[in-house]
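Working notes for the structure below.
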Amino acid sequence: MFVPNGLARAALRFRPAAFVGTFVALMLAATIVSACGILLETGVRAEVPPRRYAHVPVVAAAEQRAGKPDESDAVPDRARLDDSLVAKAAAVPGARAAIPDVTFPVLTPEVTLTAHGWGSTAFTGERLTAGRAPGPGEVVLAHGPRASVGDSVTLTTPEGARAYRVSGTTSAQDAQDTAQPTVWFADTEAVRVSGHPHRVDTIAVLPEPGISTGTLQARVAHALGTRAELHTGDDRGAVEDPLLIEAREVLTGIGGSFGGIATLVAVFTAAGTVALAVGRRAREFALLRAIGTTPRQIRRTIATEALLVAPVAGALGWLPGIALAAWWFGRLKDKGAVPDAVDLAVSWIPLVSTAGTVLATALLAGYTAAHRSSRIKPGQALSEASVERLRPGWIRTPLGVAAAAGGFVCAGLAASLTGEEAANAALGVVMLFMLAVALLGPLVARACAALFGLPLRGAGAPAALAAANSRTNARRLASAITPIVLAMAFSSVLVFLQTSEDKVTGEQQRAGIVADHIVTADQGALPPEAVRRAERTPDVTAAVGLLRTSVLVPATGVLTPVSAQGVTGTARALTAVQDLDVERGQLTLKPGEIAVDASVADNANVRVGDRIRIHLPDGTRATPLVAATYGRGMGLSQVTLNRTDLARHVSSSFDTELWVKGGTAKALAPLGRVLDRADYTTAASLDRELNGWANRVMAAVLGGFAAVAAVNTLVMTVLDRRGELGTLRLLGSTRRQVLRMVRWEALLVAVAGIALGTAIALVTLVPMMRGLTGQGPYIPPLVYGSFAASILVLGVAAATLPARAALRGETLER
């Protein structure tokens, strides 16, 4: 006599093929979930071992976030401390020294130097090879301009150009730093000329002998209070490398935000496959009920099968999941989004979570699919197993209707908003519609079969039979359509969002760049006199310098980073090289005034004449007057203001670009690398291409998973119909006619999935892009055609190949 566990083991032993589709779906889900979980954990655990502060037990730094806790965001540059805190830290009992540390660029005609205060050598290890420590008006050099002790060198600091006496030379203790051109000033002078008077990057606190790190940290924390954050251990590396903060946000964004969406998609798809597999066995369960099996025993059997299949599928999904996470992480490193010192974190936490998610999905989907057949009377179960039940479910149907209604409400809301508000509202649209498709699958499939089946009725007997089959077996059709809709909708939204933004950005750049030449700095920074030199160049009619950075602007209740340009020059000169398409107000470039892109102004709910609350690159709060709004922020810059309002709030206050009207490239060549208008637009397009890489990868991962799941579902449905196909052959249908019927059915499934996925993508993209760019989405025909063609080919092949195998087997048996 079979017990429930025995029934499950017997089913797996004697009918393993019935569980192959379920196993594949669960393994694919485990791959996606584990990969995203690993990236999320890596983002949370990401650390960079300290190098500069390796011998400093306690480092005090400013909080690198701006705004209130409910609206904060990471500062675009570096937040700094008031230098009055240095004396407070030095007075702490047990502190041997508190050293103000600053880092800033210094220009020479030959090379750009990295500047520090000489006091930092107490913990970095540099030693004089000649001369003495610097005093006022003196510097120590390492691998910079060719100069000896006693020589005079001209250095251009953010405070201007000045001649300094070389008091000494040194070499780095760390062999890896021997090629780094460096200059040291006296500590007080370094703070003064850094461009941030009375502000320091960090305070390095060194202990007296016998004072532990924990004790020193507690005492310094008490002395400095909330005006500084203290860092010890590996956390000191985040102070040295601000890229680590961005890397954490990127990794947690991929693993958390995208991972959440990917997990939902994977769970929905795997649950549909499990439900299909259990539904295929409705007649088997009906027979078990007829011979006396209780509903509880059937449910225990399904649970035992899940316990036998899901953990193995989850464990096997770990390996490709780890490989996918490693590949993704490596590509992020190659593109500079993650520091090289950060390692991929693979622990038991995401793997065990993945196994639990897969098991819960299998159990819930199996219970739900077998709920009715395990409870109804045996005779009724046998009748329903023979003919598909047409009545919709009383739980999933109202939920599906509610999800669809929510999707339309969100779409209408997104259409009435602008900028980031529209994007945030539209993000929920695709998820709600996908949930509606999953819940209303049979009803949607029946409607698609009726609509797309109309042309098939007049296309011959195989096509008419395919249309009739699709209408009669709506649940089977829904299982195949849902993953295709997933693949089409998500891939289209992610890819066409990027193509739409790229198109608008490119159009705005082509219309807005009226400069004849754009000079970029070979050393990363242009000298302050570059604008004046350009203006004196023959045939030059206008020249402005641009300092490129970002600022934080409030939008939808949170601070959002937007691109900013600080202008060196007059408003008249700027309009001669940039056509920002001013819509309201007047571009003045007066200190304390700002011009913003119209969408940024709408998001911040400000108009011309209002004051806008922004946070400058170092987090300093400012409320400049909005003098003008313009329409080409995506292509040029979303915020424009006078350079003096930005210079003291960035690490490097030197201009990064010089825009020139008139003149020749040859005459401007001494100033830097000269690009014409077309070259600059191409370079900017390459930058946008790097930004769009993440979207394409996410589209490939999610779309590829859904496409493979669709193929898996189609193969399962076709193999389950071997008896039906054999019956058609016995009734006189030829093998060719049967295959044509299967192809028509696969074509109907693919076309219905493409149409539904496209509709969901358009309902999502249209309001989103109207809000972000003021235009509709741009869908490249070749890209869209490749999506549709891939789905058609995969769908037809996934149905035809197993059908051929089934018919060949049937022929051999006969």
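The way I read the labels, and the way they are meant: chains A, B, ... in the order of the structure tokens, residue 1 as the first residue of every chain, and ligand 1 as the first ligand shown, with later ones counted on from there.
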List as a list of chain:residue names the protein and nucleic acid residues near Pro49 in chain A, meaning an atom at most 9 Å away when only C-alpha atoms are counted, but skip any in the same chain fewer than 3 places from it.
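Contacts, in chain order: A:Ala54, A:Gly233, A:Asp234, A:Asp235, A:Arg236, A:Gly237, A:Ala238, A:Ala341, A:Val342.
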Which residues come within 6 Å of range 28-30 of chain A, counting only C-alpha atoms, excluding same-chain residues fewer than 3 positions away, as a ChimeraX atom specification?
/A:25,33-34,266,314,317,354
Between A:Leu364, A:Ala750, A:Val153, A:Ala221, which is the closest to Val166 in chain A once you count only C-alpha atoms?
A:Val153
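Closest to Val265 in chain A among A:Leu439, A:Ala487, A:Ala277, A:Ala788 is A:Ala487, based on only C-alpha atoms.
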Based on the backbone DSSP call, show me all residues of range 25-137 of chain A assigned helix (DSSP H, G or I), as a PyMOL selection string.
chain A and resi 25-45+84-90+118-124
Closest atom pairs, residues of range 632-711 of chain A within 10 Å of range 771-785 of chain A, only C-alpha atoms, as JSON lines:
```
{"residue": "A:Arg632", "atom": "CA", "partner": "A:Thr773", "partner_atom": "CA", "distance": 9.6}
{"residue": "A:Gly633", "atom": "CA", "partner": "A:Thr773", "partner_atom": "CA", "distance": 9.8}
{"residue": "A:Met634", "atom": "CA", "partner": "A:Thr773", "partner_atom": "CA", "distance": 8.2}
```
May I have all residues of range 157-296 of chain A that DSSP, computed from the backbone, assigns to strand (DSSP E or B), given as a list in words?
Thr157, Gly160, Ala161, Arg162, Ala163, Tyr164, Arg165, Val166, Ser167, Gly168, Thr169, Thr170, Ser171, Thr182, Val183, Trp184, Phe185, Arg199, Val200, Thr202, Ile203, Ala204, Val205, Leu206, Pro207, Glu229, Leu230 and His231 of chain A
